[in-house]
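A.B. asks: Input file: input.txt. Contents: compact mmCIF, C-alpha atoms.
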# COMPACT_ATOMS: atom_id res chain seq x y z
CA MET A 1 64.77 49.53 -16.91
CA THR A 2 62.42 52.15 -18.25
CA THR A 3 59.32 51.47 -20.34
CA GLY A 4 61.06 52.82 -23.45
CA ASP A 5 63.97 50.40 -22.96
CA LYS A 6 61.55 47.49 -22.56
CA ILE A 7 59.77 48.45 -25.79
CA LYS A 8 63.08 48.70 -27.67
CA LYS A 9 64.19 45.33 -26.30
CA THR A 10 60.88 43.73 -27.28
CA ILE A 11 61.12 45.13 -30.81
CA ILE A 12 64.68 43.84 -31.14
CA TYR A 13 63.64 40.35 -30.01
CA ILE A 14 60.74 40.33 -32.45
CA LEU A 15 63.01 41.37 -35.33
CA LEU A 16 65.60 38.75 -34.39
CA THR A 17 62.89 36.09 -34.21
CA LEU A 18 61.61 37.05 -37.66
CA LEU A 19 65.16 37.02 -39.02
CA ALA A 20 65.79 33.57 -37.54
CA ALA A 21 62.52 32.31 -39.04
CA ALA A 22 63.49 33.71 -42.45
CA CYS A 23 66.86 31.95 -42.23
CA MET A 24 65.28 28.65 -41.21
CA PHE A 25 62.53 28.76 -43.84
CA PRO A 26 64.69 27.47 -46.77
CA PHE A 27 65.84 24.53 -44.63
CA LEU A 28 62.26 23.71 -43.67
CA LEU A 29 61.16 23.91 -47.29
CA MET A 30 64.05 21.65 -48.32
CA MET A 31 63.09 19.04 -45.73
CA VAL A 32 59.42 19.12 -46.79
CA ASN A 33 60.24 18.84 -50.50
CA ALA A 34 62.46 15.86 -49.73
CA THR A 35 59.26 13.97 -48.83
CA ARG A 36 57.36 15.01 -52.00
CA ASP A 37 57.60 13.86 -55.60
CA GLY A 38 58.35 16.04 -58.62
CA VAL A 39 54.73 16.47 -59.63
CA GLU A 40 53.73 17.77 -56.21
CA ILE A 41 56.71 20.13 -56.08
CA THR A 42 55.94 21.72 -59.44
CA ARG A 43 52.18 21.82 -58.88
CA SER A 44 51.89 23.56 -55.52
CA PHE A 45 53.69 25.05 -52.53
CA THR A 46 53.17 23.65 -49.05
CA LEU A 47 54.94 23.10 -45.74
CA ILE A 48 53.09 19.85 -45.06
CA PRO A 49 55.28 16.74 -45.57
CA SER A 50 54.19 14.15 -48.11
CA THR A 51 54.68 10.37 -48.29
CA HIS A 52 57.18 9.92 -51.12
CA ILE A 53 60.41 9.89 -49.11
CA LYS A 54 60.91 6.15 -49.71
CA GLU A 55 60.52 6.61 -53.47
CA ASN A 56 62.96 9.52 -53.43
CA TRP A 57 65.43 7.46 -51.42
CA GLU A 58 65.25 4.61 -53.95
CA THR A 59 65.66 7.08 -56.82
CA VAL A 60 68.80 8.55 -55.28
CA PHE A 61 70.43 5.16 -54.79
CA SER A 62 69.47 4.07 -58.29
CA PHE A 63 71.86 6.75 -59.58
CA PHE A 64 74.67 6.64 -57.00
CA ASN A 65 75.66 5.57 -53.50
CA LEU A 66 74.89 8.65 -51.41
CA PHE A 67 77.00 7.57 -48.43
CA LYS A 68 79.95 6.73 -50.67
CA GLY A 69 79.76 10.24 -52.09
CA MET A 70 79.64 11.74 -48.59
CA TRP A 71 82.68 9.68 -47.58
CA ASN A 72 84.60 10.81 -50.66
CA SER A 73 83.72 14.43 -49.93
CA LEU A 74 84.85 14.03 -46.32
CA LYS A 75 88.19 12.59 -47.49
CA VAL A 76 88.72 15.83 -49.41
CA ALA A 77 87.05 18.43 -47.18
CA VAL A 78 88.53 17.43 -43.81
CA PRO A 79 92.26 17.36 -44.70
CA ALA A 80 91.88 20.40 -46.96
CA THR A 81 90.25 22.34 -44.13
CA LEU A 82 92.96 21.31 -41.66
CA LEU A 83 95.71 22.35 -44.07
CA THR A 84 94.00 25.65 -44.79
CA ALA A 85 93.53 26.44 -41.09
CA TYR A 86 97.03 25.50 -39.92
CA PHE A 87 99.21 26.92 -42.69
CA SER A 88 97.10 30.04 -43.10
CA ALA A 89 97.38 30.67 -39.36
CA MET A 90 101.14 30.17 -39.50
CA THR A 91 101.49 32.52 -42.49
CA ALA A 92 99.26 35.15 -40.90
CA TYR A 93 101.25 34.92 -37.65
CA GLY A 94 104.52 35.44 -39.51
CA LEU A 95 103.21 38.43 -41.46
CA ALA A 96 101.71 40.03 -38.37
CA MET A 97 104.40 39.42 -35.75
CA TYR A 98 107.63 39.61 -37.75
CA LYS A 99 108.95 42.81 -39.29
CA PHE A 100 111.23 41.97 -42.20
CA ARG A 101 112.10 43.36 -45.61
CA GLY A 102 109.43 42.39 -48.12
CA ASN A 103 106.66 41.95 -45.56
CA LYS A 104 104.40 44.52 -47.19
CA LEU A 105 105.27 43.20 -50.65
CA ILE A 106 104.22 39.67 -49.71
CA PHE A 107 101.00 40.96 -48.16
CA THR A 108 100.27 42.98 -51.31
CA ALA A 109 100.84 39.87 -53.43
CA ILE A 110 98.35 37.99 -51.26
CA LEU A 111 95.78 40.73 -51.84
CA VAL A 112 96.39 40.54 -55.58
CA PHE A 113 95.93 36.77 -55.66
CA MET A 114 92.65 37.19 -53.77
CA MET A 115 91.32 39.14 -56.75
CA ILE A 116 92.24 36.52 -59.38
CA PRO A 117 89.45 33.99 -60.07
CA GLY A 118 90.61 30.43 -59.62
CA GLN A 119 88.81 29.37 -62.80
CA LEU A 120 91.44 31.18 -64.88
CA SER A 121 94.08 28.60 -63.94
CA LEU A 122 91.99 25.46 -64.45
CA ILE A 123 93.49 24.49 -67.83
CA GLY A 124 97.05 24.96 -66.64
CA PHE A 125 96.30 23.18 -63.37
CA TYR A 126 94.80 20.21 -65.21
CA ASN A 127 97.84 20.01 -67.54
CA LEU A 128 100.12 20.05 -64.49
CA CYS A 129 98.11 17.27 -62.82
CA THR A 130 98.29 15.26 -66.05
CA LYS A 131 102.08 15.55 -66.23
CA LEU A 132 102.40 14.62 -62.54
CA LYS A 133 99.97 11.71 -63.06
CA LEU A 134 97.64 13.05 -60.39
CA VAL A 135 94.44 12.88 -62.44
CA ASN A 136 91.75 10.86 -60.67
CA SER A 137 93.48 11.49 -57.34
CA TYR A 138 92.41 13.48 -54.30
CA ILE A 139 95.86 15.04 -53.92
CA PRO A 140 95.17 17.97 -56.33
CA LEU A 141 92.01 18.69 -54.35
CA ILE A 142 93.76 18.72 -50.97
CA ILE A 143 97.33 20.04 -51.28
CA PRO A 144 96.44 23.40 -52.95
CA ALA A 145 94.37 24.19 -49.85
CA ILE A 146 97.67 25.13 -48.17
CA ALA A 147 97.63 28.37 -50.17
CA ALA A 148 94.47 30.26 -49.14
CA PRO A 149 95.02 34.01 -49.62
CA GLY A 150 91.61 35.02 -48.27
CA THR A 151 92.10 33.04 -45.07
CA VAL A 152 95.60 34.45 -44.59
CA PHE A 153 94.30 37.99 -45.04
CA PHE A 154 91.49 37.51 -42.51
CA LEU A 155 93.69 35.84 -39.89
CA ARG A 156 96.43 38.46 -40.26
CA GLN A 157 93.94 41.23 -39.60
CA TYR A 158 92.46 39.22 -36.75
CA ILE A 159 95.75 38.55 -34.99
CA LEU A 160 96.76 42.20 -35.30
CA SER A 161 93.57 43.16 -33.46
CA VAL A 162 93.68 40.60 -30.63
CA MET A 163 97.35 39.80 -29.99
CA SER A 164 100.04 42.09 -28.69
CA PRO A 165 103.63 41.62 -29.94
CA SER A 166 104.78 41.94 -26.33
CA LEU A 167 103.44 38.43 -25.67
CA VAL A 168 105.80 36.96 -28.26
CA GLU A 169 108.69 39.09 -27.01
CA ALA A 170 108.10 37.90 -23.45
CA ALA A 171 108.13 34.28 -24.64
CA ARG A 172 111.42 34.87 -26.44
CA ILE A 173 112.97 36.37 -23.32
CA ASP A 174 111.91 33.26 -21.40
CA GLY A 175 113.71 31.10 -23.98
CA ALA A 176 110.71 29.82 -25.94
CA SER A 177 111.31 28.83 -29.54
CA GLU A 178 109.39 30.45 -32.37
CA LEU A 179 107.34 27.32 -33.06
CA TYR A 180 106.59 26.95 -29.37
CA SER A 181 105.35 30.55 -29.25
CA PHE A 182 103.18 29.94 -32.28
CA HIS A 183 101.62 26.72 -31.01
CA ARG A 184 101.23 27.62 -27.33
CA ILE A 185 100.55 31.35 -27.47
CA ALA A 186 99.31 32.38 -30.90
CA LEU A 187 97.10 29.42 -31.81
CA PRO A 188 94.90 29.58 -28.66
CA ILE A 189 94.42 33.32 -29.15
CA MET A 190 93.67 32.86 -32.86
CA SER A 191 91.30 29.92 -32.32
CA PRO A 192 88.06 31.95 -32.76
CA GLY A 193 89.28 33.35 -36.08
CA ILE A 194 90.59 29.96 -37.16
CA ALA A 195 87.25 28.35 -36.30
CA THR A 196 85.40 30.94 -38.34
CA MET A 197 87.57 30.43 -41.40
CA SER A 198 87.54 26.65 -40.93
CA ILE A 199 83.77 26.65 -41.27
CA MET A 200 84.00 28.64 -44.49
CA ALA A 201 86.82 26.43 -45.80
CA PHE A 202 84.94 23.23 -45.01
CA ILE A 203 81.79 24.49 -46.72
CA GLY A 204 83.80 25.55 -49.77
CA ASN A 205 85.58 22.19 -50.05
CA TRP A 206 82.44 20.21 -49.31
CA ASN A 207 80.44 22.03 -52.01
CA ASN A 208 83.29 22.17 -54.52
CA TYR A 209 82.02 20.91 -57.86
CA LEU A 210 84.08 22.32 -60.73
CA LEU A 211 87.56 21.08 -59.79
CA PRO A 212 86.52 17.54 -58.73
CA MET A 213 84.50 17.23 -61.94
CA ILE A 214 87.63 18.02 -63.97
CA ILE A 215 90.17 16.02 -61.96
CA LEU A 216 88.14 12.91 -61.13
CA ASN A 217 86.93 10.54 -63.86
CA LYS A 218 86.03 7.36 -61.98
CA ASN A 219 82.55 6.98 -60.53
CA GLU A 220 83.77 5.39 -57.31
CA LYS A 221 85.91 8.47 -56.59
CA PHE A 222 83.32 11.14 -57.34
CA THR A 223 82.59 13.55 -54.52
CA LEU A 224 79.00 14.19 -53.51
CA PRO A 225 78.42 17.35 -55.63
CA VAL A 226 79.64 15.52 -58.75
CA MET A 227 77.39 12.55 -57.99
CA MET A 228 74.40 14.82 -57.43
CA ALA A 229 75.04 16.44 -60.81
CA THR A 230 74.33 13.08 -62.47
CA LEU A 231 70.92 13.09 -60.82
CA LYS A 232 70.21 16.66 -61.93
CA ALA A 233 71.30 15.86 -65.48
CA SER A 234 68.95 12.89 -65.83
CA THR A 235 66.25 12.94 -68.48
CA ASP A 236 63.32 12.59 -66.06
CA ILE A 237 64.16 15.75 -64.13
CA GLN A 238 60.58 16.32 -62.94
CA ARG A 239 60.38 12.86 -61.38
CA ASN A 240 63.76 13.30 -59.69
CA GLN A 241 63.14 16.71 -58.10
CA GLY A 242 62.12 15.19 -54.78
CA ALA A 243 65.18 12.92 -54.87
CA ILE A 244 67.40 15.94 -55.48
CA TYR A 245 65.93 17.71 -52.45
CA LEU A 246 66.48 14.57 -50.36
CA ALA A 247 70.12 14.28 -51.44
CA VAL A 248 70.73 17.97 -50.73
CA ALA A 249 69.06 17.70 -47.31
CA ILE A 250 71.31 14.80 -46.32
CA SER A 251 74.41 16.51 -47.70
CA VAL A 252 73.84 19.50 -45.41
CA ILE A 253 74.17 17.38 -42.26
CA PRO A 254 78.04 17.38 -42.11
CA ILE A 255 78.06 21.16 -42.58
CA LEU A 256 75.66 21.60 -39.66
CA ILE A 257 77.82 19.31 -37.50
CA VAL A 258 80.96 21.34 -38.27
CA PHE A 259 79.14 24.59 -37.57
CA CYS A 260 77.83 23.30 -34.22
CA PHE A 261 81.33 22.18 -33.26
CA CYS A 262 83.02 25.47 -34.17
CA SER A 263 80.25 27.88 -33.17
CA LYS A 264 81.32 27.97 -29.51
CA TYR A 265 84.68 29.40 -30.55
CA ILE A 266 82.96 32.07 -32.64
CA ILE A 267 80.70 32.97 -29.71
CA SER A 268 83.72 33.17 -27.40
CA SER A 269 85.45 35.60 -29.76
CA ILE A 270 82.36 37.82 -29.83
CA SER A 271 82.15 37.97 -26.04
CA ALA A 272 85.92 38.11 -25.45
CA GLY A 273 86.06 41.90 -25.30
CA SER A 274 82.72 42.46 -23.62
CA VAL A 275 84.06 42.24 -20.07
CA LYS A 276 87.09 44.19 -18.91
CA GLU A 277 88.69 44.00 -15.52
Produce structure tokens that represent the structure in this file.
C.D. replies:
Amino acid sequence: MTTGDKIKKTIIYILLTLLAAACMFPFLLMMVNATRDGVEITRSFTLIPSTHIKENWETVFSFFNLFKGMWNSLKVAVPATLLTAYFSAMTAYGLAMYKFRGNKLIFTAILVFMMIPGQLSLIGFYNLCTKLKLVNSYIPLIIPAIAAPGTVFFLRQYILSVMSPSLVEAARIDGASELYSFHRIALPIMSPGIATMSIMAFIGNWNNYLLPMIILNKNEKFTLPVMMATLKASTDIQRNQGAIYLAVAISVIPILIVFCFCSKYIISSISAGSVKE
């Protein structure tokens, strides 16, 4: 390695380190502010932890049960993520591997639905849930996750780039059924893309606020974002700022766990094409 290459490599490492520090800084600030009270947060900026974490903890639980909210959010986010990942992968596999009349039309419709904001259908969706007696139920928050146009689009493009149709044809010649080919051949190949979209789906469902706020009307069924909104809407907002930071810091933990679990699949997809025999 020449001196110029060493200098370039050093510069790249320095830039990556600075980028990582910039990404970690908001998390560090959130953790520090979780230990401070509202007066300290509004008065000055510091990265030195304070001693008000117990007071913030008591403030949070005076408004709602934080762990109950996390459990309610998990009951929505986990099944919704699984439904999104599985059915989106199946739809993407069908659109990518099967050539049939209307294939392009269906794909175009998926692209169109990607461009329509979900907020436009809230009133109609709420009326439908009312007629089906699904208000104050988690079903309207979970079942619609089956239809995820953005995830289908990403996985279709992904499977077209990593999977050859000859693999499916070979499985058919050997007598494998279509579902067997999907589960045993396509899913393992698509796992990096599915893991990537599962992270995004879990984060979206975990942080979802608008739809749960409209559908749910009982305190014991509120998801964590809805519960945290009651804390933000309190009259003594300055006093509760530290409690808000503490609640947000704890709510991030499941997201970090999911990311750590799925990150190895993302890394494997990045390095999959780096070595050729």
A.B. asks: Would you tabulate, counting all atoms listed in the file, all residues of segment 170-274 of chain A that have an atom at most 8 Å from an atom of segment 89-94 of chain A, showing the closest pair of atoms and their distance in Å to one decimal, sorted by chain then ascending number, as a tab-separated table?
C.D. replies:
residue	atom	partner	partner_atom	distance
A:Phe182	CA	A:Met90	CA	7.5
A:Ala186	CA	A:Tyr93	CA	7.5
A:Leu187	CA	A:Ala89	CA	7.7
A:Met190	CA	A:Ala89	CA	7.8
A:Ile194	CA	A:Ala89	CA	7.2
A.B. asks: One number please: atom CA of Ser88 of chain A to atom CA of Thr151 of chain A, in Å, one decimal.
C.D. replies: 6.2 Å
A.B. asks: Which neighbours of Gly118 of chain A fall inside 12 Å, counting all atoms listed in the file, when residues of the same chain fewer than 5 positions from it are skipped, and could you give them as an MDAnalysis selection string?
C.D. replies: chainID A and resid 113 123:125 144 147:149 210:211
A.B. asks: How would the residues just chosen look if you wrote them out with C-alpha atoms as a JSON list (two decimals), in the coordinates of the input?
C.D. replies:
[["chain", "number", "residue", "atom", "x", "y", "z"],
["A", 113, "PHE", "CA", 95.93, 36.77, -55.66],
["A", 123, "ILE", "CA", 93.49, 24.49, -67.83],
["A", 124, "GLY", "CA", 97.05, 24.96, -66.64],
["A", 125, "PHE", "CA", 96.30, 23.18, -63.37],
["A", 144, "PRO", "CA", 96.44, 23.40, -52.95],
["A", 147, "ALA", "CA", 97.63, 28.37, -50.17],
["A", 148, "ALA", "CA", 94.47, 30.26, -49.14],
["A", 149, "PRO", "CA", 95.02, 34.01, -49.62],
["A", 210, "LEU", "CA", 84.08, 22.32, -60.73],
["A", 211, "LEU", "CA", 87.56, 21.08, -59.79]]
A.B. asks: For a cutoff of 9 Å around the file-coordinate point (88.4, 27.5, -35.9), which residues qualify once you count only C-alpha atoms? I'd like the result as a list in words.
C.D. replies: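 Final list of nearby residues, as requested, is Ala85, Met190, Ser191, Pro192, Gly193, Ile194, Ala195, Thr196, Met197, Ser198, Ile199, Cys262, Ser263, Tyr265 and Ile266 of chain A.
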A.B. asks: Could you save those same residues with C-alpha atoms as a PDB file, in the coordinates of the input?
C.D. replies:
ATOM      1  CA  ALA A  85      93.530  26.440 -41.090  1.00  0.00           C
ATOM      2  CA  MET A 190      93.670  32.860 -32.860  1.00  0.00           C
ATOM      3  CA  SER A 191      91.300  29.920 -32.320  1.00  0.00           C
ATOM      4  CA  PRO A 192      88.060  31.950 -32.760  1.00  0.00           C
ATOM      5  CA  GLY A 193      89.280  33.350 -36.080  1.00  0.00           C
ATOM      6  CA  ILE A 194      90.590  29.960 -37.160  1.00  0.00           C
ATOM      7  CA  ALA A 195      87.250  28.350 -36.300  1.00  0.00           C
ATOM      8  CA  THR A 196      85.400  30.940 -38.340  1.00  0.00           C
ATOM      9  CA  MET A 197      87.570  30.430 -41.400  1.00  0.00           C
ATOM     10  CA  SER A 198      87.540  26.650 -40.930  1.00  0.00           C
ATOM     11  CA  ILE A 199      83.770  26.650 -41.270  1.00  0.00           C
ATOM     12  CA  CYS A 262      83.020  25.470 -34.170  1.00  0.00           C
ATOM     13  CA  SER A 263      80.250  27.880 -33.170  1.00  0.00           C
ATOM     14  CA  TYR A 265      84.680  29.400 -30.550  1.00  0.00           C
ATOM     15  CA  ILE A 266      82.960  32.070 -32.640  1.00  0.00           C
TER      16      ILE A 266
END
A.B. asks: Any idea what's packed within 7 Å of segment 59-74 of chain A, counting all atoms listed in the file, ignoring anything in its chain fewer than 6 positions away? Could you give it as a PDB file with C-alpha atoms, keeping the file's coordinate frame?
C.D. replies:
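Once written, selection22.pdb looks like this:
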ATOM      1  CA  TRP A 206      82.440  20.210 -49.310  1.00  0.00           C
ATOM      2  CA  LYS A 221      85.910   8.470 -56.590  1.00  0.00           C
ATOM      3  CA  PHE A 222      83.320  11.140 -57.340  1.00  0.00           C
ATOM      4  CA  THR A 223      82.590  13.550 -54.520  1.00  0.00           C
ATOM      5  CA  LEU A 224      79.000  14.190 -53.510  1.00  0.00           C
ATOM      6  CA  MET A 227      77.390  12.550 -57.990  1.00  0.00           C
ATOM      7  CA  LEU A 231      70.920  13.090 -60.820  1.00  0.00           C
ATOM      8  CA  ALA A 243      65.180  12.920 -54.870  1.00  0.00           C
TER       9      ALA A 243
END
A.B. asks: Looking at all atoms listed in the file, which of A:Phe153, A:Ile203, A:Pro117, A:Arg43 is the one that sits closest to Ile253 of chain A?
C.D. replies: A:Ile203
A.B. asks: Could you state the separation of atom CA of Glu40 of chain A and atom CA of Met228 of chain A in Å, given to one decimal place?
C.D. replies: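 Separation of atom CA of Glu40 of chain A and atom CA of Met228 of chain A: 20.9 Å.
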A.B. asks: Counting all atoms listed in the file, which residue out of A:Tyr138, A:Val32, A:Gly38, A:Leu132 sits closest to Ser50 of chain A?
C.D. replies: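 With all atoms listed in the file as the atom set, the closest residue is A:Val32.
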A.B. asks: Expressed in Å to a single decimal, how great is the separation between atom CA of Val135 of chain A and atom CA of Leu216 of chain A?
C.D. replies: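 Separating atom CA of Val135 of chain A from atom CA of Leu216 of chain A is a distance of 6.4 Å.
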A.B. asks: A:Ile14, A:Ala176, A:Leu95, A:Ala145: which is nearest Pro79 of chain A, counting all atoms listed in the file?
C.D. replies: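 Result for the nearest residue to Pro79 of chain A: A:Ala145.
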A.B. asks: For Phe87 of chain A, which residue among A:Ile185, A:Leu105, A:Leu29, A:Leu155 is the nearest when counting all atoms listed in the file?
C.D. replies: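 Among A:Ile185, A:Leu105, A:Leu29, A:Leu155, it is A:Leu155 that comes nearest to Phe87 of chain A.
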A.B. asks: Ranking A:Val152, A:Ile110, A:Val258, A:Cys129 by minimum distance to Tyr86 of chain A and counting only C-alpha atoms, which one comes first?
C.D. replies: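 Closest residue, counting only C-alpha atoms: A:Val152.
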A.B. asks: Between A:Asp174, A:Asp37, A:Asp5, A:Glu220, which residue has the minimum interatomic distance to Trp57 of chain A, considering all atoms listed in the file?
C.D. replies: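 Using all atoms listed in the file, Trp57 of chain A sits closest to A:Asp37.
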